[in-house]
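I have placed the structure first, in the form of structure tokens, so that the comments after it can refer back to it.
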Amino acid sequence: MAQRPLDIIHRALDSNVLVELKGGREFRGTLKGYDIHMNLVMEAAEELQNGESVRKLGHVVVRGDNVVLISPNLED
Amino acid sequence: MAQRPLDIIHRALDSNVLVELKGGREFRGTLKGYDIHMNLVMEAAEELQNGESVRKLGHVVVRGDNVVLISPNLED
Amino acid sequence: MAQRPLDIIHRALDSNVLVELKGGREFRGTLKGYDIHMNLVMEAAEELQNGESVRKLGHVVVRGDNVVLISPNLED
Amino acid sequence: MAQRPLDIIHRALDSNVLVELKGGREFRGTLKGYDIHMNLVMEAAEELQNGESVRKLGHVVVRGDNVVLISPNLED
Amino acid sequence: MAQRPLDIIHRALDSNVLVELKGGREFRGTLKGYDIHMNLVMEAAEELQNGESVRKLGHVVVRGDNVVLISPNLED
Amino acid sequence: MAQRPLDIIHRALDSNVLVELKGGREFRGTLKGYDIHMNLVMEAAEELQNGESVRKLGHVVVRGDNVVLISPNLED
Amino acid sequence: MAQRPLDIIHRALDSNVLVELKGGREFRGTLKGYDIHMNLVMEAAEELQNGESVRKLGHVVVRGDNVVLISPNLED
């Protein structure tokens, strides 16, 4: 059975995720929520550049239309 | 239970929020309202550059499709 | 109770507003109408650059998808 | 009573309008029709640069999603 | 009575049209069909640069969301 | 009777087509399928630059919102 | 009978796919899921530059509106 994209996002709740946005921006944090538009809620969110934290944002809502990809595990 | 994005925005009403728009613009102000498109109402809104206020806008309606993220707490 | 974005726009009817469009353009004028897409009608509209009027447009309809923000009061 | 954007466009039928498109292009001509998407029909349409006619297009249909603003009166 | 944009396109069937796309590209050819999205069918289509044919495409379907304007008569 | 855009695409099934995408990319291949969004299926697809094949992609699904035009016959 | 785009994606489940995104980014990995928006789930996903792996992402959800093309077989 295929994995539905929103199910994969659901399973990532409360775990650490990498989120890439249009324009190349990257965020890392704990996924706390989402909706069908891929609007996301993250806690302890940090913006990354070249894999390094450059800014702490804490609790954040990301509007889904900016999302390029969501990676539940950080293997880089 | 997951946090729904619009619920997080709702809980931020009357508190200070950081709003990032497409193109890298940032605004800070008191969140006074929103709708399902993430159109936002802010009071005492200021535009920021490098974290510094560069312009006072006061009462402002932001059209939701410009929003990248909304951060209810300013931890930077 | 939260302020709904379209209600704030409604209350601004017949008063002076600042409208910012995508790409950084700014207009000032009297808000005379709007619809749910945030299409706007302004009278005595002027385009601004650095806060100075650079062009008088008079009566104008702005298509809503260009709007970034609407500020009913001009506190800068 | 507020002026609805499409009503203002309707009233401009058969008169001269200025139409600005995304990317800064400007057209002037007689508005002959429109629909709810702000698709427009113009006659004797000319493209302008710096307010001067640089090209005559005659009868033209403009797709609404390109429109930034429509000004029924040309006060510049 | 106002001219509806799709009616004007309909009347242009089997005649020569100029089609401008986003990004400044221009095509000329015989309009053979369309739909409500302004998807277009052209025959003997040629791409133009500075009004000169630079490429013959023959039978072509243009996706409507690329269209800026359609001019049924070529008065330049 | 007008040619409907999707009918023209349907008739091109199993024949060689040229597909242009936003940003100027071009692909050539055998059209094997499509849907109402103009999502396309091609076989033996190749990417072209200046009309020359620069990359073989084989079986490929193209998301319709990237499509600028589809030309069922290659007359250049 | 024509091949429907989503059927081709469905058949590619559990096999290696090349995914190109807007802006020229490329990813390779095992397709594990999708939905009607072309949101994709990939496992063992790697980002490619010039055909070489430059980054391992592992399990990843790609938002469909970023997708340009999906190629179930890698013939380059």
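Every chain in the structure tokens takes a letter, A first, then B, and so on in the order presented; its residues are numbered from 1, and the ligands are numbered from 1 following the presented order.
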
Against range 36-49 of chain D, which residues of range 23-55 of chain E fall within 12 Å? For each one I want the closest pair of atoms and the distance in Å (one decimal), counting only C-alpha atoms, rows by chain and increasing residue number, as a Markdown table.
```
| residue | atom | partner | partner_atom | distance |
| --- | --- | --- | --- | --- |
| E:Ile36 | CA | D:His37 | CA | 11.1 |
| E:His37 | CA | D:His37 | CA | 10.6 |
| E:Met38 | CA | D:Asn39 | CA | 10.2 |
```

Item to check | 9 Å contact set for Val19 in chain B, only C-alpha atoms, chain neighbours under 3 positions out, as a list in words | outcome: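 Skipping anything fewer than 3 positions along the chain leaves Arg25, Glu26, Phe27, Arg28, Gly29, Val67, Val68, Leu69, Ile70, Ser71 and Pro72 of chain B.
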
How would the residues just picked look written out with all heavy atoms as a PDB file, in the first residue's frame?
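Final file, part_15.pdb:
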```pdb
ATOM      1  N   ARG B  25      10.607  40.194   3.694  1.00  0.00           N
ATOM      2  CA  ARG B  25      10.180  41.292   4.570  1.00  0.00           C
ATOM      3  C   ARG B  25       9.677  40.768   5.910  1.00  0.00           C
ATOM      4  O   ARG B  25       9.053  39.719   5.977  1.00  0.00           O
ATOM      5  CB  ARG B  25       9.099  42.112   3.874  1.00  0.00           C
ATOM      6  CG  ARG B  25       9.634  42.803   2.630  1.00  0.00           C
ATOM      7  CD  ARG B  25       8.563  43.548   1.917  1.00  0.00           C
ATOM      8  NE  ARG B  25       8.193  44.767   2.637  1.00  0.00           N
ATOM      9  CZ  ARG B  25       7.179  45.534   2.276  1.00  0.00           C
ATOM     10  NH1 ARG B  25       6.432  45.209   1.243  1.00  0.00           N
ATOM     11  NH2 ARG B  25       6.902  46.630   2.964  1.00  0.00           N
ATOM     12  N   GLU B  26       9.924  41.529   6.949  1.00  0.00           N
ATOM     13  CA  GLU B  26       9.499  41.136   8.292  1.00  0.00           C
ATOM     14  C   GLU B  26       8.712  42.250   8.962  1.00  0.00           C
ATOM     15  O   GLU B  26       9.071  43.428   8.864  1.00  0.00           O
ATOM     16  CB  GLU B  26      10.709  40.814   9.170  1.00  0.00           C
ATOM     17  CG  GLU B  26      11.443  39.569   8.759  1.00  0.00           C
ATOM     18  CD  GLU B  26      12.473  39.175   9.794  1.00  0.00           C
ATOM     19  OE1 GLU B  26      12.528  39.827  10.867  1.00  0.00           O
ATOM     20  OE2 GLU B  26      13.212  38.224   9.537  1.00  0.00           O
ATOM     21  N   PHE B  27       7.683  41.820   9.666  1.00  0.00           N
ATOM     22  CA  PHE B  27       6.858  42.758  10.410  1.00  0.00           C
ATOM     23  C   PHE B  27       6.667  42.240  11.834  1.00  0.00           C
ATOM     24  O   PHE B  27       6.613  41.030  12.066  1.00  0.00           O
ATOM     25  CB  PHE B  27       5.487  42.917   9.735  1.00  0.00           C
ATOM     26  CG  PHE B  27       5.584  43.566   8.396  1.00  0.00           C
ATOM     27  CD1 PHE B  27       5.820  42.810   7.255  1.00  0.00           C
ATOM     28  CD2 PHE B  27       5.487  44.939   8.268  1.00  0.00           C
ATOM     29  CE1 PHE B  27       5.946  43.414   6.009  1.00  0.00           C
ATOM     30  CE2 PHE B  27       5.605  45.546   7.025  1.00  0.00           C
ATOM     31  CZ  PHE B  27       5.838  44.782   5.896  1.00  0.00           C
ATOM     32  N   ARG B  28       6.554  43.155  12.758  1.00  0.00           N
ATOM     33  CA  ARG B  28       6.283  42.812  14.147  1.00  0.00           C
ATOM     34  C   ARG B  28       5.109  43.658  14.600  1.00  0.00           C
ATOM     35  O   ARG B  28       4.987  44.827  14.200  1.00  0.00           O
ATOM     36  CB  ARG B  28       7.511  43.139  14.993  1.00  0.00           C
ATOM     37  CG  ARG B  28       7.404  42.708  16.425  1.00  0.00           C
ATOM     38  CD  ARG B  28       8.751  42.766  17.121  1.00  0.00           C
ATOM     39  NE  ARG B  28       9.386  44.072  16.988  1.00  0.00           N
ATOM     40  CZ  ARG B  28      10.665  44.324  17.307  1.00  0.00           C
ATOM     41  NH1 ARG B  28      11.448  43.351  17.729  1.00  0.00           N
ATOM     42  NH2 ARG B  28      11.146  45.534  17.165  1.00  0.00           N
ATOM     43  N   GLY B  29       4.254  43.079  15.412  1.00  0.00           N
ATOM     44  CA  GLY B  29       3.123  43.843  15.913  1.00  0.00           C
ATOM     45  C   GLY B  29       2.211  42.955  16.726  1.00  0.00           C
ATOM     46  O   GLY B  29       2.501  41.779  16.943  1.00  0.00           O
ATOM     47  N   VAL B  67       2.256  35.597   3.173  1.00  0.00           N
ATOM     48  CA  VAL B  67       2.854  35.151   4.433  1.00  0.00           C
ATOM     49  C   VAL B  67       3.737  33.925   4.217  1.00  0.00           C
ATOM     50  O   VAL B  67       3.345  32.973   3.535  1.00  0.00           O
ATOM     51  CB  VAL B  67       1.752  34.827   5.462  1.00  0.00           C
ATOM     52  CG1 VAL B  67       2.340  34.181   6.716  1.00  0.00           C
ATOM     53  CG2 VAL B  67       0.977  36.091   5.823  1.00  0.00           C
ATOM     54  N   VAL B  68       4.927  33.956   4.778  1.00  0.00           N
ATOM     55  CA  VAL B  68       5.791  32.773   4.837  1.00  0.00           C
ATOM     56  C   VAL B  68       5.644  32.106   6.196  1.00  0.00           C
ATOM     57  O   VAL B  68       5.386  30.909   6.274  1.00  0.00           O
ATOM     58  CB  VAL B  68       7.263  33.133   4.580  1.00  0.00           C
ATOM     59  CG1 VAL B  68       8.163  31.912   4.773  1.00  0.00           C
ATOM     60  CG2 VAL B  68       7.442  33.705   3.185  1.00  0.00           C
ATOM     61  N   LEU B  69       5.809  32.883   7.245  1.00  0.00           N
ATOM     62  CA  LEU B  69       5.663  32.286   8.578  1.00  0.00           C
ATOM     63  C   LEU B  69       5.218  33.325   9.586  1.00  0.00           C
ATOM     64  O   LEU B  69       5.398  34.540   9.407  1.00  0.00           O
ATOM     65  CB  LEU B  69       6.959  31.585   9.014  1.00  0.00           C
ATOM     66  CG  LEU B  69       8.222  32.396   9.189  1.00  0.00           C
ATOM     67  CD1 LEU B  69       8.289  33.068  10.557  1.00  0.00           C
ATOM     68  CD2 LEU B  69       9.420  31.456   9.045  1.00  0.00           C
ATOM     69  N   ILE B  70       4.629  32.809  10.641  1.00  0.00           N
ATOM     70  CA  ILE B  70       4.154  33.625  11.756  1.00  0.00           C
ATOM     71  C   ILE B  70       4.723  33.014  13.022  1.00  0.00           C
ATOM     72  O   ILE B  70       4.565  31.820  13.261  1.00  0.00           O
ATOM     73  CB  ILE B  70       2.607  33.610  11.828  1.00  0.00           C
ATOM     74  CG1 ILE B  70       2.005  34.095  10.513  1.00  0.00           C
ATOM     75  CG2 ILE B  70       2.115  34.460  13.002  1.00  0.00           C
ATOM     76  CD1 ILE B  70       0.511  33.801  10.384  1.00  0.00           C
ATOM     77  N   SER B  71       5.410  33.835  13.787  1.00  0.00           N
ATOM     78  CA  SER B  71       6.017  33.321  15.005  1.00  0.00           C
ATOM     79  C   SER B  71       5.438  34.078  16.183  1.00  0.00           C
ATOM     80  O   SER B  71       5.648  35.282  16.320  1.00  0.00           O
ATOM     81  CB  SER B  71       7.532  33.498  14.945  1.00  0.00           C
ATOM     82  OG  SER B  71       8.127  32.973  16.108  1.00  0.00           O
ATOM     83  N   PRO B  72       4.681  33.381  17.042  1.00  0.00           N
ATOM     84  CA  PRO B  72       4.021  34.085  18.145  1.00  0.00           C
ATOM     85  C   PRO B  72       4.997  34.545  19.213  1.00  0.00           C
ATOM     86  O   PRO B  72       4.688  35.428  19.990  1.00  0.00           O
ATOM     87  CB  PRO B  72       3.058  33.037  18.720  1.00  0.00           C
ATOM     88  CG  PRO B  72       2.990  31.936  17.714  1.00  0.00           C
ATOM     89  CD  PRO B  72       4.294  31.967  16.983  1.00  0.00           C
TER      90      PRO B  72
END
```

Requested in this report: For chain B, report every residue with an atom at most 7 Å from chain C (counting only C-alpha atoms), formatted as a PyMOL selection string.
Outcome: chain B and resi 32-35+39-41+55-63+66

Requested write-out: C-alpha atoms of the selected residues, as a PDB file, in the first residue's frame:
```
ATOM      1  CA  LYS B  32      -5.600  41.359  16.290  1.00  0.00           C
ATOM      2  CA  GLY B  33      -7.283  39.119  13.733  1.00  0.00           C
ATOM      3  CA  TYR B  34      -6.970  36.561  10.942  1.00  0.00           C
ATOM      4  CA  ASP B  35      -9.082  34.451   8.624  1.00  0.00           C
ATOM      5  CA  ASN B  39      -5.049  37.251   6.029  1.00  0.00           C
ATOM      6  CA  LEU B  40      -3.862  38.973   9.196  1.00  0.00           C
ATOM      7  CA  VAL B  41      -4.767  42.094  11.168  1.00  0.00           C
ATOM      8  CA  ARG B  55       8.982  51.890   9.671  1.00  0.00           C
ATOM      9  CA  LYS B  56       5.839  52.208  11.767  1.00  0.00           C
ATOM     10  CA  LEU B  57       2.660  51.117  10.023  1.00  0.00           C
ATOM     11  CA  GLY B  58       0.181  51.068  12.873  1.00  0.00           C
ATOM     12  CA  HIS B  59      -3.017  49.214  12.031  1.00  0.00           C
ATOM     13  CA  VAL B  60      -2.494  46.952   9.041  1.00  0.00           C
ATOM     14  CA  VAL B  61      -4.169  44.145   7.092  1.00  0.00           C
ATOM     15  CA  VAL B  62      -1.723  41.700   5.474  1.00  0.00           C
ATOM     16  CA  ARG B  63      -3.012  39.566   2.592  1.00  0.00           C
ATOM     17  CA  ASN B  66       2.224  36.853   1.100  1.00  0.00           C
TER      18      ASN B  66
END
```

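Taking CA of Asn16 in chain B as the reference point, CA of Glu52 in chain B is found at 15.1 Å.
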
Self-check item: Residue list (strand (DSSP E or B), DSSP) for chain C, as a PyMOL selection string
Solution: chain C and resi 16-21+26-34+40-49+52-62+67-71

For the residues in the current selection, export C-alpha atoms as a short mmCIF file (atom, residue, chain, number, x, y, z; two decimals), in the first residue's frame.
```
data_model
loop_
_atom_site.label_atom_id
_atom_site.label_comp_id
_atom_site.auth_asym_id
_atom_site.auth_seq_id
_atom_site.Cartn_x
_atom_site.Cartn_y
_atom_site.Cartn_z
CA ASN C 16 -7.27 57.50 3.58
CA VAL C 17 -5.34 54.22 3.21
CA LEU C 18 -1.86 53.13 2.28
CA VAL C 19 -1.79 50.11 -0.05
CA GLU C 20 1.38 48.17 -0.77
CA LEU C 21 1.55 45.89 -3.78
CA GLU C 26 2.82 51.89 -2.82
CA PHE C 27 -0.39 53.77 -3.32
CA ARG C 28 -2.28 56.19 -1.14
CA GLY C 29 -5.85 57.28 -1.58
CA THR C 30 -9.40 57.17 -0.27
CA LEU C 31 -10.75 53.64 -0.01
CA LYS C 32 -14.14 53.56 -1.72
CA GLY C 33 -14.80 49.84 -2.12
CA TYR C 34 -13.50 46.28 -1.95
CA LEU C 40 -9.96 47.54 -4.03
CA VAL C 41 -11.50 50.76 -5.29
CA MET C 42 -9.64 53.96 -4.43
CA GLU C 43 -10.31 57.59 -5.23
CA ALA C 44 -7.71 60.33 -5.48
CA ALA C 45 -5.14 57.56 -5.63
CA GLU C 46 -1.49 58.50 -5.92
CA GLU C 47 1.52 56.28 -6.37
CA LEU C 48 4.26 56.90 -3.83
CA GLN C 49 8.02 56.46 -3.89
CA GLU C 52 6.38 61.07 -1.91
CA SER C 53 3.64 61.22 -4.53
CA VAL C 54 5.09 60.49 -7.95
CA ARG C 55 1.91 60.04 -9.94
CA LYS C 56 -1.76 60.86 -9.62
CA LEU C 57 -4.10 58.09 -10.75
CA GLY C 58 -7.46 59.36 -9.52
CA HIS C 59 -10.14 56.67 -9.51
CA VAL C 60 -8.58 53.24 -9.62
CA VAL C 61 -9.44 49.56 -9.23
CA VAL C 62 -6.60 47.41 -7.85
CA VAL C 67 -2.00 43.44 -2.57
CA VAL C 68 0.57 42.86 0.17
CA LEU C 69 -0.91 45.05 2.87
CA ILE C 70 -3.46 47.74 3.53
CA SER C 71 -2.91 50.25 6.28
#
```

Please return as an MDAnalysis selection string: the residues of chain B that backbone DSSP assigns to alpha helix (DSSP H).
chainID B and resid 5:11

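The interatomic distance for the pair CA of Leu13 in chain F and CA of His10 in chain G works out to 20.3 Å.
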
One decimal, in Å: what's the spacing between CA of Asn50 in chain C and CA of Arg11 in chain C?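 Distance between the two atoms: 26.6 Å.
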